[in-house]
Structures are given as C-alpha cells and as structure tokens.
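Chemist: Got a structure for you, questions after.
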Amino acid sequence: MSGAMTAHSLLDTIKTYEDFKKIPENELPRLALEIRNYIVDVVSKNGGHLASNLGSVELTLALHHVFDSPVDKIIFDVGHQCYTHKIITGRKDEFRNLRKMNGISGFPRRIESSHDIVDTGHASTSISVALGILTGQQHQENNNKVIAVIGDGSLTGGMALEALNYTGHTGKNLIIVVNDNTMSISKNVGALSSYLSRITATGFYQGFQRHFDNMVKRIPFLGKHLFNLVFRLKKGLKAFLFRDSLFSDFGFDYIGPINGHNIRLMTKIFRNVRQMNKPVVVHVKTRKGKGYSHAECDPTLFHGVSAFSIVDGKIEKKKSLSFTEAFSETIMTLGREDERIIAITAAMSAGTGLTYFQSCFADRFFDVGIAEEHAVTFSSGLAIAGLRPVVAIYSTFMQRAVDQVIHDIALPGLPVIIAMDRSGIVEGDGETHQGLFDIALFKGIPNMTLVSPANKTEMELLLRYALTLKSPFAIRYPKALCGPEMPELSLPVKGGRGVFVRSCDSDTLIITTGGLLSEALEAANQLAQKQILIDVYNLRFLKPIDTDHFRKIIFPYTRIFIVEDGAAAGGIGESLIKLIFECKQNIMVRQLAVPDRFIPHGSRKELLAMLRLDCNGIAETVSEMIESNTEDNSGRSLKYTNQ
C-alpha cells in the first residue's frame, strides 16, 4: 500500500464538505481506497489510531453520503475512528499535522469543526449524549436526525447499556449504528460480544422482511390493508424466531448484520432508516485494519501505534525500558513468587503490559472489557476471597471508577493494588487522555496509599511493599522511559518517606514525584554549571506522608520547589505547602505543576516544555527565583510558576 495520491485522485478534489457531497455514490469505493492510503501514510509518520480508522472508512462515507452533517448529528463513540470523518469535512490538508503540536486532534473536537458534535475520547458515552441532543432538538421542534456510531467493544460499558434501556423506554427515533469488528483495544470478551456474533442469523430475517414488504405493497387494492395485517404477524414471527434479540427487548427495531465495507448496501439501508420514526439499531460488520495487511493481522498492535514503516509494518523500538515494560516485568516476577496475585484489566491487556502475564498465567488473568467500574469492584471480591488483585488501568480511565475505589475498596480497607499507567502528561491523544487528575482524586481517600516510582528498581520495591499491606494501594507512572538506575533509588522502602537522590549541603531543595525525577536531576545539573547547588528529593509516597520525617527534611532549606506531573489544583504540592508552613515561616515555596486547564495534544517533550516542567523550564524557574529572591512580606511565595 502506498501513501501517495494520484494526480487525478478524488481525494484531491475534496477541500470542503460540499465537495464531498458532490461525489456520486458509485465513486465512493474508489474514494475509500484513496482515504485508506492517506490515513496509513499520515499515521506511519505521526502515530495514531490506525486499525479502528481503517475499519470504518466505508461506514463513515455511507453515513455522510446519506445524512447531512452538521444538520444531522453524527456522533462517534470514543472518537478513535473519526479520521475519515475529519478528512471529508474540510480538514484534509490539516490532517497531515494529525496529533502534532498545534495540529488537529486524533479525536472529535468541537473547536475544530461544526461537524465534530461532541468532544470525546472515552468509550460508551455516545448513546447517552445522542439521546440528549435528540431530545433537546425535538423540544425545540427540530426534527433532524441524530446518529450514534458505537463499537461492539463500547457496548460492554455499563453506561451504553443504561442508555439503550432508557432510549427504548422513550421511543425516540434515535439511530444507533453498531460497528461490530469483535475488537475494542484488545479482543472483545464477554456475553455481549458472543451475542453479537450469534445474531448474524437475523440477516436472513432482515432480507426476507424487505423483499416481502415490497411484494405485499404492490398488490392492487389490498396492498395497504394486507401490509398492516402481516406487520403484526411478522412481529410475532420475529419474536418466535429471534426471541433472544437484545435490541428488540430494549425496544429497538434491529437491522443487520450488514457488510460494513459495502457502501452501496449501507447507503440503501441508511436511506430507509432515515424515514423511520422509532429507535433503530443498524448492525454493521467491519474488519479492523481493513486494507493494510499488517494492521489486519495484528489489530491490537496497530490500534494505537507510534510511527512505523509502511512496507514491513515494523515499529521503532526504544532502546531504554519504559515504565509500562518495568511494570510488566515486575508483575511477572511477583506472579511467579506469589500465586495469590491476580491481574485484571479493562480491554487493554497490551497497553498496560499484561500480555505476557496473560500468556503465562491464563487462569490468573481477567480482561473484563470496557468496564472499569466492574473491574474495580470485581477486584474487591477477589481480595475478600483472600487473593491479591492487581488492577491495571490507564489513569484517564480510572476516573470512571472513583466511586468503586472509595465504596468497594477503600471503605472496607481491602488490599487491592491499582496500577495507573499513563499518569501525568501523555503525548498524542490530547485532553481526554492526560493522566493529570489521579493525585487529586485519590490522595483524599482514607486508607489509600499512593506512590510514584522513578525507575524500574523503585517500581519493584514499591509493589513488593504493597504486598505487605492489608489496605488499598495505588501506583502511578507515566507513558515514558524509566529514570536512570542509581543507588539511592535502591534503598529500602519506608512508609511515607522518600529518598534524597542529590545532596550537596544546599539551601535550595527540589522535591519531585517519580515521573519527573529525571527532569529535576537534569535541571540540578544545569544549575550546577552556573554555580547554583540544588538538592533533589524523590518523594516516593504521595500518601501517606510521614509528617515528622518530612519536617526534619525541609528544616535546613530556605527555598523549596515542588515539581509534580499532575494538576496543581488538588496536587501533592498543596498538601506539602501546608505542612511546610505549619513548621517553618521564613521560607519561599513554589509549586511547579500543571495549571488549571485542559492540556492539548503534542509530544511529551513538547508539552513538558510548554508547561515549564522539563529540565530547562525547572532550571530557569529556580534560577529566576534565586536571582530575584522574590518573596511577599511574610516570606511566603505560593505562586504557580506555570500558570
């Protein structure tokens, strides 16, 4: 497959959405091929969600061919399949800068285009918001169509089922398109996925129904009356033949499954569906990674991918160990030593580094699908039964299970380990995927221990420490390379205490969380070249803090800089500043953290530089403060330097 477009390509003619709407239906398959080539070309350079987008090209073209966006509202669940949508809605040229700093997002963004109806990035939300939009429109006597496009993986989320239940109850004419590729991030699991596979038998019924209806309507004089009569008979027949129809039980008309790569068939069905005035589900079957052999063969690997070679599909491997790989190796080591350890994830075994654990300890691994709340509460039951569950979920998705952490784990004080990958600044995916809020969300929960390792050694030390506790434990780490191995980080873990990794009898101290230790150390090295000596303390524990020990540590210093890879509001800096001023008045303190706003997409390096949380930004802030010696009248300085 080549990423180049021919001189007379259809794609070249699309500058606006109106240009796309002029393309005749019989040319859409050709356009689909060109868009696939274009997506592969761009993602091979920029990274992104490849397999899901390749699988939904024809579906997106058919929807936009029949419906008129943005008058008709097309809402993509998660949004990681929106590349074709963006390309044909006037952003073809901007697509070259996909996921780059100041370029377009890999997810729908309302500020980008009126065609992006909802800001999204998490699963199972589309039906709820679509029903809300439809209800709001009808309240204002607007009868335009609203379409929710949701994957079979997202249907495993409880919120999607809640929305299906309520939509059927309202009877409103919401159109739901189920994009069934038997995948979410990893291969789908669960009864619902199996159900969608079984329901293919109803394709026969749908074909029979369409042909029979047309035949009856053509009968002179009796056609209309006979049609009304057989309509009731058909409902009875359908109930008898397909009485396990989940969507019918929810109150939807069900159409499908249909070939999600047959544009002609889909446009025909969508035209019919557009005329319906009731809730309807259109079930389309697609192939994730369609058209690019490497993505078709390994859709999990090419779900969210970094830059790769188009020719052989090889992804460049970083030579250093990542935090995800450090967790993967550690959980394998601990799993061999302790048969009580159970690993749980929510549709992301590869992303969280649990694939090897799954292959070696299949009976001790559980992927519960896109159901973070269930994963957490399920783990509480495992803990009650005497096991040691480890729940591995990205920080941004753990936001969905805060109630379960509080109610089902922390309140009874159960020894569940929560491993939060992608904490702090996350590159590429933008606002919805930044792991900035876990400190604020979890440090206020009673019974909870929250830690932040700086390298592989600390990862193992802290997880081993977790196994000695009889209470909840959460470990957060970034999508980044591990910090360097150093003797100080090999020191034994003591509850609530960190370790000095640089000590030179300075009067200035940097306190940092593990994900930014490398940046803090490099900043200290830069300052040393200017004859400014800085001590660096790796916090290890974000909760609890051994307050007596902490007060002794900060006593010699007149300046303290707290550097953390999380939101300033509710961050660990706020807690430490309170502790510092309880015991020491004549001191200057600065918190360097993420300001109170959502952070866009870009590389981790670019985003840290923008926030002045990289080594250069930290060094400049410390140097400026020392040179200006800026203090208020009380000697306190509580300004956030990156706001």
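Following the order of the structure tokens, chains are lettered A, B, ..., residues in each are numbered from 1, and ligands are numbered from 1.
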For segment 65-73 of chain A, list every protein, DNA or RNA residue within 8 Å, evaluated using only C-alpha atoms, and leave out those in the same chain fewer than 2 positions away; present the list as a ChimeraX atom specification.
Modeler: /A:21,25,61-63,75,114-115,117,144-147,267,270-271
Chemist: Got time to write the residues from that selection, N, CA and C atoms, as a PDB file, in the first residue's frame?
Modeler:
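In the end it all went to result_16.pdb:
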```
ATOM      1  N   LYS A  21     -19.926  15.984  -0.830  1.00  0.00           N
ATOM      2  CA  LYS A  21     -21.329  15.662  -1.107  1.00  0.00           C
ATOM      3  C   LYS A  21     -21.616  15.593  -2.610  1.00  0.00           C
ATOM      4  N   GLU A  25     -22.341   8.249  -5.728  1.00  0.00           N
ATOM      5  CA  GLU A  25     -22.238   7.050  -4.896  1.00  0.00           C
ATOM      6  C   GLU A  25     -21.334   5.990  -5.503  1.00  0.00           C
ATOM      7  N   LEU A  61     -18.181   7.019   5.098  1.00  0.00           N
ATOM      8  CA  LEU A  61     -18.578   7.597   3.812  1.00  0.00           C
ATOM      9  C   LEU A  61     -20.067   7.392   3.555  1.00  0.00           C
ATOM     10  N   ALA A  62     -20.583   6.203   3.859  1.00  0.00           N
ATOM     11  CA  ALA A  62     -22.007   5.928   3.652  1.00  0.00           C
ATOM     12  C   ALA A  62     -22.880   6.820   4.527  1.00  0.00           C
ATOM     13  N   LEU A  63     -22.495   6.983   5.787  1.00  0.00           N
ATOM     14  CA  LEU A  63     -23.268   7.844   6.693  1.00  0.00           C
ATOM     15  C   LEU A  63     -23.310   9.278   6.184  1.00  0.00           C
ATOM     16  N   ILE A  75     -22.434  11.147  15.736  1.00  0.00           N
ATOM     17  CA  ILE A  75     -21.633  11.137  16.970  1.00  0.00           C
ATOM     18  C   ILE A  75     -20.876   9.819  17.058  1.00  0.00           C
ATOM     19  N   SER A 114     -17.666  22.428  13.089  1.00  0.00           N
ATOM     20  CA  SER A 114     -19.077  22.261  13.467  1.00  0.00           C
ATOM     21  C   SER A 114     -19.542  20.837  13.221  1.00  0.00           C
ATOM     22  N   HIS A 115     -18.779  20.054  12.449  1.00  0.00           N
ATOM     23  CA  HIS A 115     -19.131  18.653  12.198  1.00  0.00           C
ATOM     24  C   HIS A 115     -18.747  17.749  13.365  1.00  0.00           C
ATOM     25  N   ILE A 117     -19.476  17.013  16.731  1.00  0.00           N
ATOM     26  CA  ILE A 117     -20.620  17.362  17.576  1.00  0.00           C
ATOM     27  C   ILE A 117     -20.276  17.295  19.055  1.00  0.00           C
ATOM     28  N   ASN A 144     -34.395  17.035  12.839  1.00  0.00           N
ATOM     29  CA  ASN A 144     -33.247  16.461  12.142  1.00  0.00           C
ATOM     30  C   ASN A 144     -32.762  15.205  12.865  1.00  0.00           C
ATOM     31  N   LYS A 145     -32.029  14.379  12.133  1.00  0.00           N
ATOM     32  CA  LYS A 145     -31.640  13.075  12.633  1.00  0.00           C
ATOM     33  C   LYS A 145     -30.398  13.151  13.523  1.00  0.00           C
ATOM     34  N   VAL A 146     -30.336  12.209  14.472  1.00  0.00           N
ATOM     35  CA  VAL A 146     -29.168  12.057  15.334  1.00  0.00           C
ATOM     36  C   VAL A 146     -28.737  10.591  15.263  1.00  0.00           C
ATOM     37  N   ILE A 147     -27.453  10.386  14.962  1.00  0.00           N
ATOM     38  CA  ILE A 147     -26.919   9.041  14.769  1.00  0.00           C
ATOM     39  C   ILE A 147     -25.758   8.817  15.727  1.00  0.00           C
ATOM     40  N   THR A 267     -25.695   2.505   2.119  1.00  0.00           N
ATOM     41  CA  THR A 267     -26.432   3.725   1.769  1.00  0.00           C
ATOM     42  C   THR A 267     -27.914   3.413   1.544  1.00  0.00           C
ATOM     43  N   PHE A 270     -29.386   2.964   5.071  1.00  0.00           N
ATOM     44  CA  PHE A 270     -29.456   4.236   5.801  1.00  0.00           C
ATOM     45  C   PHE A 270     -30.568   5.133   5.251  1.00  0.00           C
ATOM     46  N   ARG A 271     -30.822   5.075   3.948  1.00  0.00           N
ATOM     47  CA  ARG A 271     -31.931   5.861   3.396  1.00  0.00           C
ATOM     48  C   ARG A 271     -33.262   5.375   3.961  1.00  0.00           C
TER      49      ARG A 271
END
```
Chemist: Name the residues of segment 384-496 of chain A that fall into alpha helix (DSSP H) according to DSSP on the backbone, using the chain letters and numbers of this document, as a PyMOL selection string.
Modeler: chain A and resi 384+395-398+402-404+438-442+456-466
Chemist: Go ahead and write the selection's residues with C-alpha atoms as an mmCIF file, in the first residue's frame.
Modeler:
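And here's selection.cif as it stands now:
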```cif
data_model
loop_
_atom_site.group_PDB
_atom_site.id
_atom_site.type_symbol
_atom_site.label_atom_id
_atom_site.label_comp_id
_atom_site.auth_asym_id
_atom_site.auth_seq_id
_atom_site.Cartn_x
_atom_site.Cartn_y
_atom_site.Cartn_z
ATOM 1 C CA ILE A 384 -12.289 -10.620 50.109
ATOM 2 C CA SER A 395 -5.040 6.946 34.724
ATOM 3 C CA THR A 396 -7.553 8.693 32.462
ATOM 4 C CA PHE A 397 -9.870 5.662 32.550
ATOM 5 C CA MET A 398 -9.556 5.180 36.318
ATOM 6 C CA VAL A 402 -13.584 6.613 41.578
ATOM 7 C CA ASP A 403 -16.830 5.683 43.342
ATOM 8 C CA GLN A 404 -15.907 2.000 43.236
ATOM 9 C CA ASP A 438 -5.395 10.892 39.743
ATOM 10 C CA ILE A 439 -3.443 12.546 42.576
ATOM 11 C CA ALA A 440 -6.303 14.927 43.346
ATOM 12 C CA LEU A 441 -8.862 12.121 43.032
ATOM 13 C CA PHE A 442 -7.116 9.533 45.219
ATOM 14 C CA LYS A 456 12.301 0.029 37.439
ATOM 15 C CA THR A 457 14.001 -0.629 40.773
ATOM 16 C CA GLU A 458 11.549 1.591 42.620
ATOM 17 C CA MET A 459 8.662 0.035 40.687
ATOM 18 C CA GLU A 460 9.583 -3.383 42.082
ATOM 19 C CA LEU A 461 10.397 -2.102 45.578
ATOM 20 C CA LEU A 462 7.071 -0.279 45.867
ATOM 21 C CA LEU A 463 5.000 -3.163 44.500
ATOM 22 C CA ARG A 464 6.699 -5.560 46.897
ATOM 23 C CA TYR A 465 5.902 -3.095 49.685
ATOM 24 C CA ALA A 466 2.269 -3.075 48.545
#
```
Chemist: Mind giving me the straight-line distance from atom CA of Glu627 of chain A to atom CA of Phe500 of chain A in Å, one decimal?
Modeler: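 Between these atoms lies a distance of 24.6 Å.
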Chemist: Could you go through segment 482-604 of chain A and tell me which residues DSSP, when run on the backbone, assigns to strand (DSSP E), listing them as a PDB file with N, CA and C atoms, in the first residue's frame?
Modeler:
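Produced file selection.pdb, reproduced below:
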```pdb
ATOM      1  N   VAL A 499      13.448   9.540  49.281  1.00  0.00           N
ATOM      2  CA  VAL A 499      14.904   9.425  49.375  1.00  0.00           C
ATOM      3  C   VAL A 499      15.563  10.623  48.692  1.00  0.00           C
ATOM      4  N   PHE A 500      16.684  11.072  49.248  1.00  0.00           N
ATOM      5  CA  PHE A 500      17.499  12.079  48.575  1.00  0.00           C
ATOM      6  C   PHE A 500      18.277  11.407  47.442  1.00  0.00           C
ATOM      7  N   VAL A 501      18.201  11.979  46.258  1.00  0.00           N
ATOM      8  CA  VAL A 501      18.984  11.447  45.140  1.00  0.00           C
ATOM      9  C   VAL A 501      20.112  12.407  44.770  1.00  0.00           C
ATOM     10  N   ARG A 502      20.089  13.584  45.385  1.00  0.00           N
ATOM     11  CA  ARG A 502      21.185  14.547  45.198  1.00  0.00           C
ATOM     12  C   ARG A 502      21.254  15.388  46.462  1.00  0.00           C
ATOM     13  N   THR A 508      18.694  25.174  48.928  1.00  0.00           N
ATOM     14  CA  THR A 508      17.571  25.072  47.988  1.00  0.00           C
ATOM     15  C   THR A 508      17.284  23.606  47.701  1.00  0.00           C
ATOM     16  N   LEU A 509      16.009  23.248  47.750  1.00  0.00           N
ATOM     17  CA  LEU A 509      15.604  21.848  47.583  1.00  0.00           C
ATOM     18  C   LEU A 509      14.536  21.730  46.501  1.00  0.00           C
ATOM     19  N   ILE A 510      14.701  20.741  45.624  1.00  0.00           N
ATOM     20  CA  ILE A 510      13.634  20.338  44.703  1.00  0.00           C
ATOM     21  C   ILE A 510      13.042  19.035  45.219  1.00  0.00           C
ATOM     22  N   ILE A 511      11.743  19.056  45.458  1.00  0.00           N
ATOM     23  CA  ILE A 511      11.000  17.839  45.808  1.00  0.00           C
ATOM     24  C   ILE A 511      10.224  17.428  44.566  1.00  0.00           C
ATOM     25  N   THR A 512      10.359  16.189  44.151  1.00  0.00           N
ATOM     26  CA  THR A 512       9.704  15.791  42.906  1.00  0.00           C
ATOM     27  C   THR A 512       9.044  14.423  43.032  1.00  0.00           C
ATOM     28  N   ASP A 535      19.691  20.542  46.025  1.00  0.00           N
ATOM     29  CA  ASP A 535      19.417  19.188  46.492  1.00  0.00           C
ATOM     30  C   ASP A 535      18.125  18.696  45.834  1.00  0.00           C
ATOM     31  N   VAL A 536      18.028  17.386  45.616  1.00  0.00           N
ATOM     32  CA  VAL A 536      16.836  16.805  44.981  1.00  0.00           C
ATOM     33  C   VAL A 536      16.339  15.645  45.837  1.00  0.00           C
ATOM     34  N   TYR A 537      15.051  15.691  46.156  1.00  0.00           N
ATOM     35  CA  TYR A 537      14.415  14.670  47.000  1.00  0.00           C
ATOM     36  C   TYR A 537      13.300  14.000  46.210  1.00  0.00           C
ATOM     37  N   ASN A 538      13.396  12.695  46.052  1.00  0.00           N
ATOM     38  CA  ASN A 538      12.367  11.920  45.359  1.00  0.00           C
ATOM     39  C   ASN A 538      11.314  11.479  46.376  1.00  0.00           C
ATOM     40  N   PHE A 541       6.316   8.555  48.176  1.00  0.00           N
ATOM     41  CA  PHE A 541       4.947   8.475  48.684  1.00  0.00           C
ATOM     42  C   PHE A 541       4.230   9.812  48.503  1.00  0.00           C
ATOM     43  N   LEU A 542       3.080   9.764  47.836  1.00  0.00           N
ATOM     44  CA  LEU A 542       2.204  10.927  47.738  1.00  0.00           C
ATOM     45  C   LEU A 542       1.162  10.894  48.849  1.00  0.00           C
ATOM     46  N   LYS A 543       0.913   9.699  49.343  1.00  0.00           N
ATOM     47  CA  LYS A 543       0.081   9.493  50.521  1.00  0.00           C
ATOM     48  C   LYS A 543       0.368   8.094  51.042  1.00  0.00           C
ATOM     49  N   ARG A 559      14.599  27.723  50.480  1.00  0.00           N
ATOM     50  CA  ARG A 559      13.819  27.708  49.245  1.00  0.00           C
ATOM     51  C   ARG A 559      13.469  26.262  48.899  1.00  0.00           C
ATOM     52  N   ILE A 560      12.189  26.039  48.569  1.00  0.00           N
ATOM     53  CA  ILE A 560      11.749  24.690  48.186  1.00  0.00           C
ATOM     54  C   ILE A 560      10.903  24.795  46.921  1.00  0.00           C
ATOM     55  N   PHE A 561      11.200  23.928  45.955  1.00  0.00           N
ATOM     56  CA  PHE A 561      10.430  23.849  44.711  1.00  0.00           C
ATOM     57  C   PHE A 561       9.812  22.454  44.627  1.00  0.00           C
ATOM     58  N   ILE A 562       8.494  22.406  44.517  1.00  0.00           N
ATOM     59  CA  ILE A 562       7.787  21.117  44.446  1.00  0.00           C
ATOM     60  C   ILE A 562       7.384  20.891  42.993  1.00  0.00           C
ATOM     61  N   VAL A 563       7.952  19.868  42.387  1.00  0.00           N
ATOM     62  CA  VAL A 563       7.739  19.582  40.963  1.00  0.00           C
ATOM     63  C   VAL A 563       6.919  18.301  40.847  1.00  0.00           C
ATOM     64  N   GLU A 564       5.742  18.400  40.230  1.00  0.00           N
ATOM     65  CA  GLU A 564       4.887  17.210  40.118  1.00  0.00           C
ATOM     66  C   GLU A 564       4.242  17.125  38.749  1.00  0.00           C
ATOM     67  N   ASP A 565       4.060  15.902  38.264  1.00  0.00           N
ATOM     68  CA  ASP A 565       3.451  15.676  36.952  1.00  0.00           C
ATOM     69  C   ASP A 565       1.964  15.380  37.111  1.00  0.00           C
ATOM     70  N   GLY A 566       1.253  16.395  37.578  1.00  0.00           N
ATOM     71  CA  GLY A 566      -0.186  16.298  37.767  1.00  0.00           C
ATOM     72  C   GLY A 566      -0.769  17.689  37.903  1.00  0.00           C
ATOM     73  N   ALA A 567      -2.070  17.765  38.091  1.00  0.00           N
ATOM     74  CA  ALA A 567      -2.753  19.047  38.216  1.00  0.00           C
ATOM     75  C   ALA A 567      -2.316  19.753  39.497  1.00  0.00           C
ATOM     76  N   MET A 588      10.647  30.271  51.248  1.00  0.00           N
ATOM     77  CA  MET A 588       9.997  30.503  49.968  1.00  0.00           C
ATOM     78  C   MET A 588       9.674  29.154  49.327  1.00  0.00           C
ATOM     79  N   VAL A 589       8.419  28.986  48.909  1.00  0.00           N
ATOM     80  CA  VAL A 589       7.976  27.719  48.324  1.00  0.00           C
ATOM     81  C   VAL A 589       7.292  27.988  46.986  1.00  0.00           C
ATOM     82  N   ARG A 590       7.638  27.200  46.013  1.00  0.00           N
ATOM     83  CA  ARG A 590       6.972  27.266  44.720  1.00  0.00           C
ATOM     84  C   ARG A 590       6.502  25.876  44.305  1.00  0.00           C
ATOM     85  N   GLN A 591       5.297  25.808  43.808  1.00  0.00           N
ATOM     86  CA  GLN A 591       4.768  24.570  43.252  1.00  0.00           C
ATOM     87  C   GLN A 591       4.832  24.650  41.731  1.00  0.00           C
ATOM     88  N   LEU A 592       5.525  23.721  41.107  1.00  0.00           N
ATOM     89  CA  LEU A 592       5.596  23.627  39.655  1.00  0.00           C
ATOM     90  C   LEU A 592       4.763  22.422  39.245  1.00  0.00           C
ATOM     91  N   ALA A 593       3.614  22.695  38.669  1.00  0.00           N
ATOM     92  CA  ALA A 593       2.685  21.628  38.310  1.00  0.00           C
ATOM     93  C   ALA A 593       1.872  22.079  37.104  1.00  0.00           C
ATOM     94  N   VAL A 594       0.913  21.273  36.712  1.00  0.00           N
ATOM     95  CA  VAL A 594       0.087  21.587  35.540  1.00  0.00           C
ATOM     96  C   VAL A 594      -1.007  22.563  35.954  1.00  0.00           C
TER      97      VAL A 594
END
```
Chemist: Find the residues around Leu28 of chain A up to 10 Å (only C-alpha atoms counted), leave out those fewer than 4 positions away in its own chain, and share them as a PyMOL selection string.
Modeler: chain A and resi 10+20+23-24+32-34+58+61-62+65+263-264
Chemist: For Gly496 of chain A, please output as a list of chain:residue names all residues within 10 Å (counting only C-alpha atoms; exclusion window: fewer than 6 positions along the same chain).
Modeler: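 Here the qualifying residues turn out to be A:Thr449, A:Leu450, A:Val451, A:Leu539, A:Arg540, A:Phe541, A:Leu542, A:Lys543, A:Pro544, A:Ile545, A:Asp546, A:Thr547, A:His549, A:Phe550.
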Chemist: From the options A:Arg110, A:His283, A:Arg274, A:Arg476, which residue's atoms come nearest to Ile417 of chain A, counting only C-alpha atoms?
Modeler: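 Nearest to Ile417 of chain A: A:Arg476.
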Chemist: What lies within 10 Å of Gly515 of chain A using only C-alpha atoms, ignoring chain neighbours under 4 positions off, as a list in words?
Modeler: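 Once the adjacent positions are removed, what remains is Phe323, Ser423, Gly424, Ile425, Ser452, Pro453, Ala454, Asn455, Arg476, Tyr477, Pro478, Lys479, Ala480, Leu481, Cys482, Gly483, Glu519, Ala520, Asn538, Val563, Glu564, Asp565 and Gly566 of chain A.
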Chemist: Please dump the current selection as a PDB file, in the first residue's frame; keep C-alpha atoms.
Modeler:
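Writing the result to part_18.pdb gives the following:
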```pdb
ATOM      1  CA  PHE A 323       7.571   2.326  32.817  1.00  0.00           C
ATOM      2  CA  SER A 423      -0.275   9.152  34.605  1.00  0.00           C
ATOM      3  CA  GLY A 424       0.839  12.742  34.232  1.00  0.00           C
ATOM      4  CA  ILE A 425       1.465  14.231  30.787  1.00  0.00           C
ATOM      5  CA  SER A 452       5.090   7.306  42.286  1.00  0.00           C
ATOM      6  CA  PRO A 453       8.203   5.309  41.244  1.00  0.00           C
ATOM      7  CA  ALA A 454      11.106   6.903  39.386  1.00  0.00           C
ATOM      8  CA  ASN A 455      12.610   3.808  37.742  1.00  0.00           C
ATOM      9  CA  ARG A 476       1.059   5.878  39.205  1.00  0.00           C
ATOM     10  CA  TYR A 477       3.625   6.140  36.425  1.00  0.00           C
ATOM     11  CA  PRO A 478       3.874   7.918  33.058  1.00  0.00           C
ATOM     12  CA  LYS A 479       3.963   6.768  29.458  1.00  0.00           C
ATOM     13  CA  ALA A 480       7.685   7.445  29.295  1.00  0.00           C
ATOM     14  CA  LEU A 481      11.090   5.861  29.679  1.00  0.00           C
ATOM     15  CA  CYS A 482      12.171   4.891  33.183  1.00  0.00           C
ATOM     16  CA  GLY A 483      14.588   7.098  35.046  1.00  0.00           C
ATOM     17  CA  GLU A 519      13.892  16.257  34.538  1.00  0.00           C
ATOM     18  CA  ALA A 520      14.597  17.535  38.069  1.00  0.00           C
ATOM     19  CA  ASN A 538      12.367  11.920  45.359  1.00  0.00           C
ATOM     20  CA  VAL A 563       7.739  19.582  40.963  1.00  0.00           C
ATOM     21  CA  GLU A 564       4.887  17.210  40.118  1.00  0.00           C
ATOM     22  CA  ASP A 565       3.451  15.676  36.952  1.00  0.00           C
ATOM     23  CA  GLY A 566      -0.186  16.298  37.767  1.00  0.00           C
TER      24      GLY A 566
END
```
Chemist: Can you pull out every residue within 7 Å of Gly171 of chain A, counting only C-alpha atoms, but drop anything in the same chain fewer than 2 positions away, and send it as a list in words?
Modeler: Thr167, Gly168, His169, Asn173, Lys278 and Pro279 of chain A
Chemist: Rounded to one decimal, what separation in Å do you get between atom CA of Ile534 of chain A and atom CA of Glu606 of chain A?
Modeler: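 Taking atom CA of Ile534 of chain A and atom CA of Glu606 of chain A, their separation equals 24.8 Å.
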